[in-house]
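The file entry26.txt comes next; it holds compact mmCIF, C-alpha atoms.
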# COMPACT_ATOMS: atom_id res chain seq x y z
CA MET A 13 -52.20 -54.06 72.80
CA PRO A 14 -50.98 -56.89 70.62
CA ASP A 15 -47.90 -56.55 68.55
CA TYR A 16 -49.16 -57.01 64.97
CA PRO A 17 -47.70 -59.13 62.19
CA PHE A 18 -46.23 -57.27 59.26
CA ALA A 19 -44.84 -57.95 55.83
CA PHE A 20 -42.32 -56.34 53.54
CA ASN A 21 -40.78 -57.05 50.20
CA VAL A 22 -37.20 -57.78 49.25
CA PRO A 23 -36.54 -56.88 45.62
CA LEU A 24 -35.08 -59.98 44.00
CA LEU A 25 -32.64 -57.94 41.97
CA GLY A 26 -31.24 -55.93 44.87
CA GLY A 27 -32.13 -52.59 46.26
CA ARG A 28 -33.53 -51.69 49.63
CA PRO A 29 -36.38 -53.60 51.22
CA THR A 30 -39.77 -51.86 51.27
CA ARG A 31 -39.69 -51.69 55.08
CA TYR A 32 -36.87 -51.27 57.59
CA ASP A 33 -36.18 -49.43 60.82
CA VAL A 34 -32.42 -48.97 60.74
CA HIS A 35 -30.10 -48.44 57.79
CA THR A 36 -26.39 -48.80 58.48
CA ALA A 37 -23.77 -47.99 55.83
CA ARG A 38 -20.18 -48.99 56.65
CA THR A 39 -17.58 -47.09 54.70
CA LEU A 40 -13.96 -48.02 54.10
CA SER A 41 -12.79 -45.79 56.96
CA ALA A 42 -14.89 -47.86 59.40
CA MET A 43 -12.88 -50.93 58.33
CA ASN A 44 -9.54 -49.56 59.56
CA GLY A 45 -7.24 -52.42 60.58
CA GLN A 46 -9.52 -55.10 59.11
CA TYR A 47 -7.66 -55.70 55.83
CA ALA A 48 -4.34 -57.53 55.75
CA ASP A 49 -2.73 -55.21 53.19
CA GLN A 50 -2.65 -51.93 55.10
CA ALA A 51 -0.76 -50.06 52.38
CA ALA A 52 -3.44 -50.99 49.82
CA TYR A 53 -6.09 -49.94 52.34
CA ALA A 54 -4.50 -46.51 52.83
CA ALA A 55 -4.10 -46.02 49.08
CA LEU A 56 -7.73 -46.93 48.37
CA LEU A 57 -9.05 -44.77 51.21
CA ALA A 58 -7.08 -41.83 49.82
CA GLN A 59 -9.21 -42.10 46.66
CA GLY A 60 -12.46 -41.82 48.63
CA ASP A 61 -14.35 -43.26 51.57
CA VAL A 62 -16.62 -45.61 49.63
CA VAL A 63 -19.46 -47.62 51.16
CA VAL A 64 -18.32 -51.23 51.63
CA TYR A 65 -21.59 -52.70 52.93
CA GLU A 66 -25.08 -51.76 54.06
CA VAL A 67 -27.56 -53.33 56.45
CA TYR A 68 -31.32 -52.75 56.54
CA GLU A 69 -32.70 -54.05 59.82
CA ILE A 70 -36.14 -54.45 61.37
CA LYS A 71 -36.09 -53.47 65.04
CA ARG A 72 -37.60 -55.90 67.53
CA PRO A 73 -37.47 -56.19 71.33
CA GLU A 74 -34.08 -57.76 72.14
CA VAL A 75 -35.49 -60.62 74.18
CA VAL A 76 -35.56 -64.42 73.94
CA GLY A 77 -38.27 -65.52 71.50
CA GLU A 78 -38.06 -62.50 69.16
CA LEU A 79 -36.06 -62.59 65.90
CA LEU A 80 -33.96 -59.80 64.46
CA HIS A 81 -33.93 -59.87 60.68
CA GLY A 82 -33.02 -57.78 57.70
CA ILE A 83 -31.01 -57.52 54.52
CA SER A 84 -27.26 -57.09 54.25
CA ILE A 85 -25.67 -55.91 51.01
CA VAL A 86 -21.89 -56.12 50.49
CA HIS A 87 -20.76 -54.10 47.50
CA PRO A 88 -18.12 -55.45 45.09
CA GLY A 89 -14.52 -54.40 45.42
CA ARG A 90 -11.11 -55.32 46.81
CA VAL A 91 -8.45 -53.92 49.13
CA GLY A 92 -5.33 -55.24 47.44
CA ASP A 93 -6.27 -58.85 46.70
CA GLU A 94 -8.73 -59.11 49.62
CA TYR A 95 -12.41 -58.85 48.75
CA PHE A 96 -14.83 -56.35 50.27
CA MET A 97 -16.41 -57.82 53.40
CA THR A 98 -18.34 -57.07 56.57
CA LYS A 99 -16.57 -56.40 59.87
CA GLY A 100 -17.76 -59.74 61.18
CA HIS A 101 -18.61 -60.54 64.76
CA PHE A 102 -19.36 -63.06 67.44
CA HIS A 103 -22.74 -62.80 69.11
CA ALA A 104 -22.32 -61.34 72.61
CA GLU A 105 -24.62 -64.14 73.78
CA LEU A 106 -22.28 -66.68 72.24
CA ALA A 107 -24.74 -69.60 72.22
CA THR A 108 -26.99 -68.10 69.53
CA ALA A 109 -27.28 -69.16 65.90
CA GLU A 110 -28.05 -67.30 62.66
CA VAL A 111 -29.61 -68.24 59.32
CA TYR A 112 -28.47 -66.59 56.08
CA TYR A 113 -30.32 -66.84 52.79
CA CYS A 114 -28.43 -65.54 49.76
CA LEU A 115 -30.65 -63.46 47.49
CA GLN A 116 -28.15 -62.20 44.95
CA GLY A 117 -24.47 -62.25 44.07
CA SER A 118 -21.69 -64.61 45.07
CA GLY A 119 -19.40 -64.80 48.03
CA ARG A 120 -18.25 -66.65 51.10
CA LEU A 121 -19.29 -66.73 54.72
CA VAL A 122 -16.11 -67.00 56.81
CA LEU A 123 -16.60 -68.52 60.26
CA GLU A 124 -14.58 -69.44 63.32
CA THR A 125 -15.03 -70.44 66.95
CA PRO A 126 -13.18 -69.20 70.03
CA GLU A 127 -11.65 -72.69 70.25
CA GLY A 128 -9.81 -72.41 66.90
CA ASP A 129 -12.15 -74.14 64.45
CA TRP A 130 -12.86 -72.42 61.16
CA SER A 131 -15.12 -72.87 58.16
CA VAL A 132 -15.75 -71.12 54.84
CA GLN A 133 -19.17 -71.58 53.22
CA GLU A 134 -20.17 -70.59 49.71
CA LEU A 135 -22.87 -67.97 49.19
CA ARG A 136 -24.90 -68.03 45.97
CA PRO A 137 -28.51 -67.16 45.16
CA GLY A 138 -30.91 -69.65 46.72
CA GLY A 139 -28.29 -70.84 49.21
CA VAL A 140 -28.93 -71.12 52.95
CA VAL A 141 -26.04 -71.08 55.42
CA TYR A 142 -26.58 -72.09 59.03
CA VAL A 143 -24.32 -70.43 61.57
CA PRO A 144 -24.45 -72.62 64.69
CA PRO A 145 -24.13 -71.10 68.15
CA ARG A 146 -20.54 -69.98 69.01
CA TRP A 147 -19.41 -69.25 65.43
CA ALA A 148 -18.21 -65.76 64.49
CA HIS A 149 -19.17 -64.89 60.91
CA ARG A 150 -18.18 -62.44 58.18
CA SER A 151 -19.65 -62.05 54.66
CA VAL A 152 -17.25 -61.63 51.75
CA ASN A 153 -18.30 -60.54 48.26
CA THR A 154 -16.25 -62.42 45.66
CA GLY A 155 -18.36 -61.32 42.68
CA ASP A 156 -18.67 -58.32 40.39
CA GLY A 157 -22.10 -57.20 41.65
CA ASP A 158 -23.74 -56.72 45.03
CA LEU A 159 -23.95 -59.67 47.44
CA ALA A 160 -27.39 -59.48 49.10
CA MET A 161 -28.57 -61.70 51.93
CA LEU A 162 -31.55 -62.10 54.22
CA TYR A 163 -30.48 -62.86 57.79
CA VAL A 164 -32.40 -63.99 60.87
CA TYR A 165 -31.04 -64.40 64.40
CA PRO A 166 -32.35 -64.53 67.97
CA ALA A 167 -33.06 -61.01 69.19
CA HIS A 168 -31.19 -61.51 72.48
CA ALA A 169 -27.93 -62.36 70.67
CA GLY A 170 -26.20 -58.98 70.74
CA HIS A 171 -22.87 -58.35 68.99
CA ASP A 172 -19.24 -58.68 69.97
CA TYR A 173 -17.20 -56.84 67.31
CA GLY A 174 -14.15 -56.26 69.50
CA THR A 175 -12.68 -59.74 69.39
CA ILE A 176 -12.57 -59.73 65.58
CA GLU A 177 -11.39 -56.10 65.39
CA ARG A 178 -8.39 -56.97 67.56
CA GLN A 179 -7.17 -59.99 65.64
CA GLY A 180 -9.29 -60.55 62.53
CA PHE A 181 -10.39 -63.96 61.33
CA ARG A 182 -7.95 -66.85 60.97
CA LYS A 183 -8.71 -67.05 57.25
CA LEU A 184 -8.84 -64.43 54.51
CA VAL A 185 -10.62 -64.67 51.18
CA VAL A 186 -8.40 -63.22 48.46
CA GLU A 187 -8.26 -63.19 44.69
CA ARG A 188 -5.55 -65.48 43.32
CA GLY A 189 -5.30 -66.02 39.59
CA GLY A 190 -8.69 -64.38 39.08
CA ARG A 191 -10.47 -66.71 41.51
CA PRO A 192 -11.42 -66.57 45.21
CA SER A 193 -8.94 -68.40 47.41
CA VAL A 194 -8.88 -69.03 51.18
CA VAL A 195 -5.54 -68.26 52.81
CA ASP A 196 -4.17 -67.90 56.34
CA ASN A 197 -4.35 -64.43 57.85
CA PRO A 198 -0.71 -63.44 58.41
CA ARG A 199 -1.75 -60.91 61.05
CA TRP A 200 -3.90 -63.29 63.06
CA SER A 201 -2.78 -64.03 66.58
CA ASN A 202 -4.22 -66.34 69.19
CA GLY A 203 -5.09 -63.38 71.36
CA ASN A 204 -2.17 -63.90 73.76
CA SER A 205 -0.25 -61.05 72.23
CA GLU A 206 -1.10 -57.56 71.05
CA THR A 207 1.79 -57.43 68.55
CA MET G 22 -16.38 -81.38 69.14
CA PRO G 23 -17.75 -78.23 67.58
CA ASP G 24 -20.99 -78.20 65.73
CA TYR G 25 -20.00 -77.17 62.19
CA PRO G 26 -21.64 -74.60 59.92
CA PHE G 27 -23.35 -75.99 56.86
CA ALA G 28 -24.99 -74.75 53.70
CA PHE G 29 -27.68 -75.98 51.38
CA ASN G 30 -29.47 -74.75 48.33
CA VAL G 31 -33.10 -73.90 47.77
CA PRO G 32 -34.03 -74.21 44.11
CA LEU G 33 -35.59 -70.89 43.12
CA LEU G 34 -38.19 -72.60 40.98
CA GLY G 35 -39.37 -75.06 43.60
CA GLY G 36 -38.41 -78.58 44.36
CA ARG G 37 -36.76 -80.01 47.43
CA PRO G 38 -33.79 -78.35 49.09
CA THR G 39 -30.43 -80.04 48.61
CA ARG G 40 -30.22 -80.83 52.33
CA TYR G 41 -32.83 -81.67 54.95
CA ASP G 42 -33.29 -84.01 57.89
CA VAL G 43 -37.04 -84.49 58.03
CA HIS G 44 -39.58 -84.54 55.19
CA THR G 45 -43.23 -84.33 56.22
CA ALA G 46 -46.04 -84.71 53.67
CA ARG G 47 -49.54 -83.88 54.92
CA THR G 48 -52.30 -85.45 52.89
CA LEU G 49 -55.95 -84.47 52.72
CA SER G 50 -56.91 -87.14 55.27
CA ALA G 51 -54.63 -85.48 57.85
CA MET G 52 -56.69 -82.29 57.44
CA ASN G 53 -59.92 -83.88 58.70
CA GLY G 54 -62.13 -81.22 60.32
CA GLN G 55 -59.96 -78.33 59.13
CA TYR G 56 -62.06 -77.21 56.14
CA ALA G 57 -65.38 -75.43 56.60
CA ASP G 58 -67.19 -77.32 53.84
CA GLN G 59 -67.15 -80.86 55.19
CA ALA G 60 -69.23 -82.29 52.35
CA ALA G 61 -66.76 -80.92 49.80
CA TYR G 62 -63.92 -82.34 51.91
CA ALA G 63 -65.48 -85.83 51.95
CA ALA G 64 -66.17 -85.71 48.21
CA LEU G 65 -62.60 -84.66 47.38
CA LEU G 66 -61.08 -87.24 49.73
CA ALA G 67 -63.16 -89.94 48.03
CA GLN G 68 -61.28 -89.13 44.81
CA GLY G 69 -57.89 -89.69 46.44
CA ASP G 70 -55.78 -88.75 49.45
CA VAL G 71 -53.66 -86.09 47.75
CA VAL G 72 -50.68 -84.34 49.35
CA VAL G 73 -51.76 -80.86 50.48
CA TYR G 74 -48.40 -79.62 51.76
CA GLU G 75 -44.84 -80.69 52.45
CA VAL G 76 -42.19 -79.52 54.87
CA TYR G 77 -38.44 -80.07 54.58
CA GLU G 78 -36.81 -79.31 57.92
CA ILE G 79 -33.27 -79.14 59.24
CA LYS G 80 -33.04 -80.72 62.70
CA ARG G 81 -31.32 -78.72 65.43
CA PRO G 82 -31.17 -79.04 69.22
CA GLU G 83 -34.47 -77.66 70.53
CA VAL G 84 -32.89 -75.16 72.91
CA VAL G 85 -32.81 -71.37 73.27
CA GLY G 86 -30.30 -69.87 70.83
CA GLU G 87 -30.70 -72.47 68.07
CA LEU G 88 -32.94 -71.86 65.03
CA LEU G 89 -35.16 -74.39 63.31
CA HIS G 90 -35.48 -73.72 59.61
CA GLY G 91 -36.61 -75.28 56.40
CA ILE G 92 -38.87 -75.04 53.38
CA SER G 93 -42.63 -75.45 53.33
CA ILE G 94 -44.47 -76.10 50.08
CA VAL G 95 -48.26 -75.83 49.89
CA HIS G 96 -49.64 -77.36 46.70
CA PRO G 97 -52.43 -75.64 44.76
CA GLY G 98 -56.02 -76.75 45.18
CA ARG G 99 -59.31 -76.10 46.97
CA VAL G 100 -61.78 -77.89 49.21
CA GLY G 101 -65.04 -76.34 48.02
CA ASP G 102 -64.12 -72.66 47.79
CA GLU G 103 -61.45 -72.84 50.52
CA TYR G 104 -57.85 -72.92 49.34
CA PHE G 105 -55.34 -75.62 50.25
CA MET G 106 -53.52 -74.66 53.45
CA THR G 107 -51.34 -75.90 56.28
CA LYS G 108 -52.85 -77.12 59.56
CA GLY G 109 -51.57 -74.03 61.31
CA HIS G 110 -50.43 -73.82 64.89
CA PHE G 111 -49.47 -71.76 67.88
CA HIS G 112 -45.98 -72.26 69.22
CA ALA G 113 -46.13 -74.27 72.46
CA GLU G 114 -43.73 -71.70 73.88
CA LEU G 115 -46.17 -68.95 72.96
CA ALA G 116 -43.71 -66.05 73.22
CA THR G 117 -41.66 -67.07 70.17
CA ALA G 118 -41.66 -65.43 66.75
CA GLU G 119 -41.15 -66.73 63.21
CA VAL G 120 -39.84 -65.26 59.95
CA TYR G 121 -41.25 -66.37 56.58
CA TYR G 122 -39.64 -65.58 53.25
CA CYS G 123 -41.76 -66.37 50.20
CA LEU G 124 -39.73 -68.04 47.45
CA GLN G 125 -42.43 -68.89 44.95
CA GLY G 126 -46.16 -68.71 44.36
CA SER G 127 -48.82 -66.57 45.94
CA GLY G 128 -50.91 -66.88 49.06
CA ARG G 129 -51.80 -65.56 52.46
CA LEU G 130 -50.48 -66.06 55.96
CA VAL G 131 -53.50 -66.16 58.30
CA LEU G 132 -52.73 -65.22 61.90
CA GLU G 133 -54.51 -64.84 65.22
CA THR G 134 -53.78 -64.45 68.91
CA PRO G 135 -55.39 -66.18 71.89
CA GLU G 136 -56.89 -62.78 72.77
CA GLY G 137 -58.97 -62.52 69.58
CA ASP G 138 -56.83 -60.40 67.28
CA TRP G 139 -56.38 -61.57 63.72
CA SER G 140 -54.35 -60.60 60.66
CA VAL G 141 -54.00 -61.77 57.06
CA GLN G 142 -50.69 -61.04 55.29
CA GLU G 143 -49.96 -61.44 51.60
CA LEU G 144 -47.32 -63.93 50.46
CA ARG G 145 -45.55 -63.34 47.15
CA PRO G 146 -42.00 -64.04 45.93
CA GLY G 147 -39.50 -61.81 47.68
CA GLY G 148 -41.90 -61.06 50.52
CA VAL G 149 -40.99 -61.39 54.19
CA VAL G 150 -43.68 -61.85 56.85
CA TYR G 151 -42.85 -61.43 60.52
CA VAL G 152 -44.93 -63.50 62.92
CA PRO G 153 -44.55 -61.86 66.34
CA PRO G 154 -44.63 -63.91 69.52
CA ARG G 155 -48.14 -65.18 70.45
CA TRP G 156 -49.53 -65.32 66.88
CA ALA G 157 -50.83 -68.64 65.50
CA HIS G 158 -50.15 -68.91 61.77
CA ARG G 159 -51.36 -70.87 58.75
CA SER G 160 -50.15 -70.66 55.12
CA VAL G 161 -52.78 -70.63 52.37
CA ASN G 162 -51.99 -71.14 48.68
CA THR G 163 -54.23 -68.87 46.58
CA GLY G 164 -52.36 -69.45 43.31
CA ASP G 165 -52.23 -72.03 40.55
CA GLY G 166 -48.73 -73.32 41.35
CA ASP G 167 -46.83 -74.33 44.48
CA LEU G 168 -46.43 -71.82 47.31
CA ALA G 169 -42.88 -72.24 48.64
CA MET G 170 -41.47 -70.51 51.71
CA LEU G 171 -38.33 -70.47 53.79
CA TYR G 172 -39.12 -70.32 57.51
CA VAL G 173 -36.95 -69.67 60.58
CA TYR G 174 -38.04 -69.86 64.22
CA PRO G 175 -36.47 -70.30 67.65
CA ALA G 176 -35.70 -73.97 68.23
CA HIS G 177 -37.30 -74.03 71.68
CA ALA G 178 -40.69 -72.92 70.29
CA GLY G 179 -42.42 -76.27 69.94
CA HIS G 180 -45.88 -76.63 68.36
CA ASP G 181 -49.43 -76.50 69.66
CA TYR G 182 -51.67 -77.89 66.90
CA GLY G 183 -54.55 -78.86 69.19
CA THR G 184 -56.01 -75.41 69.76
CA ILE G 185 -56.40 -74.81 66.02
CA GLU G 186 -57.61 -78.36 65.33
CA ARG G 187 -60.43 -77.86 67.84
CA GLN G 188 -61.77 -74.57 66.53
CA GLY G 189 -59.91 -73.52 63.39
CA PHE G 190 -58.87 -69.94 62.69
CA ARG G 191 -61.33 -67.06 62.97
CA LYS G 192 -60.85 -66.25 59.30
CA LEU G 193 -60.94 -68.39 56.17
CA VAL G 194 -59.40 -67.60 52.80
CA VAL G 195 -61.83 -68.60 50.06
CA GLU G 196 -62.27 -68.02 46.35
CA ARG G 197 -65.05 -65.55 45.60
CA GLY G 198 -65.57 -64.43 42.03
CA GLY G 199 -62.25 -65.91 41.00
CA ARG G 200 -60.29 -64.01 43.64
CA PRO G 201 -59.06 -64.73 47.18
CA SER G 202 -61.34 -63.31 49.83
CA VAL G 203 -61.11 -63.30 53.63
CA VAL G 204 -64.35 -64.33 55.37
CA ASP G 205 -65.44 -65.29 58.89
CA ASN G 206 -65.17 -68.96 59.78
CA PRO G 207 -68.75 -70.05 60.45
CA ARG G 208 -67.52 -72.97 62.57
CA TRP G 209 -65.21 -70.95 64.75
CA SER G 210 -66.07 -70.83 68.44
CA ASN G 211 -64.42 -68.95 71.25
CA GLY G 212 -63.39 -72.22 72.85
CA ASN G 213 -66.08 -72.13 75.54
CA SER G 214 -68.20 -74.69 73.73
CA GLU G 215 -67.46 -77.94 71.95
CA THR G 216 -70.61 -77.76 69.78
Since I need it in another form, could you write the structure as structure tokens?
Amino acid sequence: MPDYPFAFNVPLLGGRPTRYDVHTARTLSAMNGQYADQAAYAALLAQGDVVVYEVYEIKRPEVVGELLHGISIVHPGRVGDEYFMTKGHFHAELATAEVYYCLQGSGRLVLETPEGDWSVQELRPGGVVYVPPRWAHRSVNTGDGDLAMLYVYPAHAGHDYGTIERQGFRKLVVERGGRPSVVDNPRWSNGNSET
Amino acid sequence: MPDYPFAFNVPLLGGRPTRYDVHTARTLSAMNGQYADQAAYAALLAQGDVVVYEVYEIKRPEVVGELLHGISIVHPGRVGDEYFMTKGHFHAELATAEVYYCLQGSGRLVLETPEGDWSVQELRPGGVVYVPPRWAHRSVNTGDGDLAMLYVYPAHAGHDYGTIERQGFRKLVVERGGRPSVVDNPRWSNGNSET
């Protein structure tokens, strides 16, 4: 039996795609330890466990040659001065790339390599960002509305969330004077220490 | 030296992306033998060798884990009653998929496998089409304006144009009564005969 082509529609003004296999909603409580300002995090969480971002994914066999793809939507908001964002991850198969196409909203894609390089790319409607192999990536919503993106990556990539959960990204995107600003993460360590 | 992330912009109302490495323009003369109505083809070509479609591609290492991506634009037009289209191809590494995202215009993605299965998927703005491994694919512009798409596929896929050049696709997309219609290709053979 062949595996048939299929199509689905991505509403240009947001909302869920007309076809998906898996819907993941990450709430604030799932982001424990990810924001620099832990007091602001605790205060916000006490008001309610809001959804920070959602992912609608098409399932495919996780083998070389297939492509996983879907829509990610980061809702607007901040924890202290740090914008709402995804957990971010390396691919478990580190030498795999990803393509993002921004459908709606405005934000930043924050990236870094295990070797210490970092990059911050702007996300705006009609913008493509290429994540080369070896670059961890996190989406940050710096706007007032949803940040929606189409993503495509090799289906054998897998995810490594643990490295980022332990130490975060080297750079944070925060609001300073009403505008997005990239600053050093005061809690980031080089991984040689757990403190 | 790391290979750095990069971004570029795809104008939502057509036009070339703000970054690309290779621009390919296929003219009518490069489509020799691809249209069913060869008399109409010769007559149109005699009026001028117009550009049928263009591709703007980002170059990447052609290895497993990387993703080739870019924008394809099929211009509007017909050869007889058959709409302007791309040459179409299998991937040389047959077991590789592709994701299309339609940015602008309207059309069809015509697909088939070596085993004889075929499929025709609609292309409209905001629509995603998944091309599973093993499916040859051709874009057809059934509208009055440009058909523009973002595409992403594994960088080790390669292209096999020869199989399609020899026998075409099983199905054609033609105008019938002012509307797109899918019909059998009268010139299609099963590859056992060159006649």
Set the distance at 7 Å and use all atoms listed in the file: which residues neighbour Thr107 in chain G once local chain neighbours fewer than 6 positions away are removed? I'd like the list as a PDB file with C-alpha atoms, keeping the file's coordinate frame.
ATOM      1  CA  TYR G  74     -48.400 -79.620  51.760  1.00  0.00           C
ATOM      2  CA  ARG G 159     -51.360 -70.870  58.750  1.00  0.00           C
ATOM      3  CA  SER G 160     -50.150 -70.660  55.120  1.00  0.00           C
ATOM      4  CA  VAL G 161     -52.780 -70.630  52.370  1.00  0.00           C
TER       5      VAL G 161
END
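Taking all atoms listed in the file into account, chain A lies nearest to G:Ala28 out of the set G:Val43, G:Leu66, G:Ala28, G:Met52.
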Q | Test item: residues at most 10 Å from Tyr25 in chain G, all atoms listed in the file, excluding those fewer than 6 positions along its chain, as a list in words | A |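 My reading of the contact set: Leu123, Glu124, Thr125, Asp129, Trp130, Ser131, Tyr142, Val143, Pro144, Pro145, Arg146 and Trp147 of chain A.
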Per residue of chain G within 8 Å of chain A, which atom pair is closest and at what distance in Å (one decimal), using only C-alpha atoms, listed by chain and increasing number, as CSV?
residue,atom,partner,partner_atom,distance
G:Pro23,CA,A:Asp129,CA,7.6
G:Asp24,CA,A:Pro144,CA,6.6
G:Tyr25,CA,A:Pro144,CA,6.8
G:Pro26,CA,A:Val143,CA,5.2
G:Phe27,CA,A:Tyr142,CA,5.5
G:Ala28,CA,A:Val141,CA,4.2
G:Phe29,CA,A:Val140,CA,5.3
G:Asn30,CA,A:Gly139,CA,4.2
G:Val31,CA,A:Gly138,CA,4.9
G:Pro32,CA,A:Gly138,CA,6.1
G:Leu33,CA,A:Gly138,CA,6.0
G:Val85,CA,A:Val76,CA,7.5
G:Gly86,CA,A:Thr108,CA,4.0
G:Glu87,CA,A:Ala109,CA,5.2
G:Leu88,CA,A:Ala109,CA,6.3
G:Ala116,CA,A:Gly77,CA,5.7
G:Thr117,CA,A:Gly77,CA,4.0
G:Ala118,CA,A:Glu78,CA,5.2
G:Glu119,CA,A:Leu79,CA,7.1
G:Val120,CA,A:Leu79,CA,7.5
G:Leu132,CA,A:Pro17,CA,7.9
G:Asp138,CA,A:Pro14,CA,7.6
G:Ser140,CA,A:Pro17,CA,7.0
G:Gln142,CA,A:Ala19,CA,6.6
G:Glu143,CA,A:Ala19,CA,7.5
G:Gly147,CA,A:Val22,CA,4.9
G:Gly148,CA,A:Asn21,CA,4.2
G:Val149,CA,A:Phe20,CA,5.3
G:Val150,CA,A:Ala19,CA,4.2
G:Tyr151,CA,A:Phe18,CA,5.5
G:Val152,CA,A:Pro17,CA,5.2
G:Pro153,CA,A:Pro17,CA,5.9
G:Pro154,CA,A:Glu78,CA,6.7
G:Trp156,CA,A:Pro17,CA,8.0
G:Val173,CA,A:Val164,CA,7.3
G:Tyr174,CA,A:Leu79,CA,7.7
G:Pro175,CA,A:Gly77,CA,6.4
G:Ala178,CA,A:Gly77,CA,7.9
Q. What is the distance between CA of Asn44 in chain A and CA of Lys99 in chain A, in Å to one decimal?
A.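 CA of Lys99 in chain A lies at a distance of 9.8 Å from CA of Asn44 in chain A.
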Q: Counting all atoms listed in the file, write as a PyMOL selection string all protein and nucleic acid residues lying at most 8 Å from (-44.1, -79.9, 73.2) in the file's frame.
A: chain G and resi 113+179-181
Q.
Quick check, in Å to one decimal: how far apart do CA of Tyr32 in chain A and CA of Val86 in chain A lie?
A.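 The value is 17.3 Å.
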